[in-house]
file model13.pdb (PDB, C-alpha atoms)
ATOM      1  CA  MET A   1      80.632  85.323 112.233  1.00  0.00           C
ATOM      2  CA  SER A   2      81.625  83.191 109.295  1.00  0.00           C
ATOM      3  CA  GLU A   3      84.431  84.100 106.897  1.00  0.00           C
ATOM      4  CA  LYS A   4      81.924  84.835 104.111  1.00  0.00           C
ATOM      5  CA  ASN A   5      79.876  87.294 106.148  1.00  0.00           C
ATOM      6  CA  ARG A   6      82.711  89.449 107.426  1.00  0.00           C
ATOM      7  CA  PRO A   7      82.141  93.102 106.581  1.00  0.00           C
ATOM      8  CA  THR A   8      84.837  95.048 104.793  1.00  0.00           C
ATOM      9  CA  GLY A   9      85.596  98.731 104.927  1.00  0.00           C
ATOM     10  CA  SER A  10      87.784 101.149 103.051  1.00  0.00           C
ATOM     11  CA  ARG A  11      89.962 103.983 104.260  1.00  0.00           C
ATOM     12  CA  SER A  12      91.198 106.773 102.067  1.00  0.00           C
ATOM     13  CA  LYS A  13      94.548 108.397 102.644  1.00  0.00           C
ATOM     14  CA  ILE A  14      96.009 111.719 101.612  1.00  0.00           C
ATOM     15  CA  ALA A  15      99.576 112.056 100.353  1.00  0.00           C
ATOM     16  CA  GLY A  16     101.458 115.233  99.494  1.00  0.00           C
ATOM     17  CA  THR A  17     100.847 118.857 100.282  1.00  0.00           C
ATOM     18  CA  PRO A  18      98.552 121.323  98.494  1.00  0.00           C
ATOM     19  CA  PRO A  19      98.298 121.813  95.558  1.00  0.00           C
ATOM     20  CA  ASN A  20      99.885 118.400  94.901  1.00  0.00           C
ATOM     21  CA  VAL A  21      97.459 116.422  97.058  1.00  0.00           C
ATOM     22  CA  THR A  22      96.630 112.908  95.874  1.00  0.00           C
ATOM     23  CA  PHE A  23      94.327 110.286  97.331  1.00  0.00           C
ATOM     24  CA  GLY A  24      94.636 106.517  97.625  1.00  0.00           C
ATOM     25  CA  TRP A  25      92.739 103.813  99.504  1.00  0.00           C
ATOM     26  CA  ASN A  26      93.124 100.567 101.440  1.00  0.00           C
ATOM     27  CA  ILE A  27      90.438  97.940 102.083  1.00  0.00           C
ATOM     28  CA  TYR A  28      90.536  96.213 105.473  1.00  0.00           C
ATOM     29  CA  ARG A  29      88.568  93.263 106.846  1.00  0.00           C
ATOM     30  CA  ASN A  30      86.941  94.270 110.137  1.00  0.00           C
ATOM     31  CA  GLN A  31      89.674  95.740 112.341  1.00  0.00           C
ATOM     32  CA  ASP A  32      92.646  93.953 110.759  1.00  0.00           C
ATOM     33  CA  VAL A  33      95.939  95.804 110.758  1.00  0.00           C
ATOM     34  CA  LEU A  34      96.976  94.688 107.278  1.00  0.00           C
ATOM     35  CA  PRO A  35      94.911  95.741 104.264  1.00  0.00           C
ATOM     36  CA  ILE A  36      93.568  93.021 102.002  1.00  0.00           C
ATOM     37  CA  LEU A  37      93.577  95.308  98.941  1.00  0.00           C
ATOM     38  CA  ARG A  38      95.251  98.647  98.093  1.00  0.00           C
ATOM     39  CA  SER A  39      94.813 101.193  95.342  1.00  0.00           C
ATOM     40  CA  GLN A  40      97.247 100.763  92.491  1.00  0.00           C
ATOM     41  CA  SER A  41      97.193 104.458  91.627  1.00  0.00           C
ATOM     42  CA  HIS A  42      96.649 107.826  93.287  1.00  0.00           C
ATOM     43  CA  PHE A  43      93.750 110.114  92.437  1.00  0.00           C
ATOM     44  CA  VAL A  44      93.605 113.888  92.181  1.00  0.00           C
ATOM     45  CA  SER A  45      90.141 114.051  93.739  1.00  0.00           C
ATOM     46  CA  ARG A  46      88.815 112.329  96.823  1.00  0.00           C
ATOM     47  CA  MET A  47      85.561 111.398  95.056  1.00  0.00           C
ATOM     48  CA  ALA A  48      87.459 109.579  92.279  1.00  0.00           C
ATOM     49  CA  GLY A  49      89.442 107.658  94.913  1.00  0.00           C
ATOM     50  CA  LEU A  50      86.295 106.705  96.839  1.00  0.00           C
ATOM     51  CA  ALA A  51      84.519 105.625  93.646  1.00  0.00           C
ATOM     52  CA  ASP A  52      87.468 103.398  92.723  1.00  0.00           C
ATOM     53  CA  ALA A  53      87.561 101.963  96.271  1.00  0.00           C
ATOM     54  CA  ASN A  54      83.834 101.128  96.114  1.00  0.00           C
ATOM     55  CA  ARG A  55      84.208  99.522  92.677  1.00  0.00           C
ATOM     56  CA  SER A  56      87.092  97.381  93.932  1.00  0.00           C
ATOM     57  CA  ARG A  57      85.240  96.454  97.117  1.00  0.00           C
ATOM     58  CA  LEU A  58      82.235  95.280  95.111  1.00  0.00           C
ATOM     59  CA  GLN A  59      84.493  93.195  92.858  1.00  0.00           C
ATOM     60  CA  LEU A  60      86.085  91.663  95.952  1.00  0.00           C
ATOM     61  CA  VAL A  61      82.688  90.808  97.458  1.00  0.00           C
ATOM     62  CA  ASP A  62      81.469  89.350  94.131  1.00  0.00           C
ATOM     63  CA  ALA A  63      84.617  87.234  93.798  1.00  0.00           C
ATOM     64  CA  LYS A  64      84.115  85.843  97.319  1.00  0.00           C
ATOM     65  CA  ALA A  65      80.461  85.092  96.581  1.00  0.00           C
ATOM     66  CA  LEU A  66      81.412  83.087  93.498  1.00  0.00           C
ATOM     67  CA  GLY A  67      84.270  81.257  95.231  1.00  0.00           C
TER      68      GLY A  67
END
call {"tool": "encode", "arguments": {"input": "model13.pdb", "output": "structure tokens"}}
result
Amino acid sequence: MSEKNRPTGSRSKIAGTPPNVTFGWNIYRNQDVLPILRSQSHFVSRMAGLADANRSRLQLVDAKALG
């Protein structure tokens, strides 16, 4: 599989204990140990964190397509 066609995935993580639970995300390439992109902030809802992760993943894919 070429470098351009490698799939990426995101993983969300939970930090804190209720009611102070926040969510963040990391984007990995295939099964790599080190993330290639991380969230810069934490989110109070999981859906907001996942939406931000998807937005960032799409920007990453678009940047690779242009480069």
call {"tool": "residues_around", "arguments": {"input": "model13.pdb", "residues": "Val44 (chain A)", "least_positions_apart": "6", "cutoff": "10 Å", "atoms": "only C-alpha atoms", "output": "list in words"}}
result
Ile14, Pro19, Asn20, Val21, Thr22, Phe23 and Gly24 of chain A
call {"tool": "atom_distance", "arguments": {"input": "model13.pdb", "atom1": "CA of Arg38 (chain A)", "atom2": "CA of Trp25 (chain A)"}}
result
5.9 Å
call {"tool": "atom_distance", "arguments": {"input": "model13.pdb", "atom1": "CA of Ala48 (chain A)", "atom2": "CA of Leu66 (chain A)"}}
result
27.2 Å
call {"tool": "resolve_selection", "arguments": {"input": "model13.pdb", "expression": "the PyMOL selection byres ((chain A and resi 40) around 12)", "output": "list in words"}}
result
Phe23, Gly24, Trp25, Asn26, Leu37, Arg38, Ser39, Ser41, His42, Phe43, Gly49, Asp52, Ala53 and Ser56 of chain A
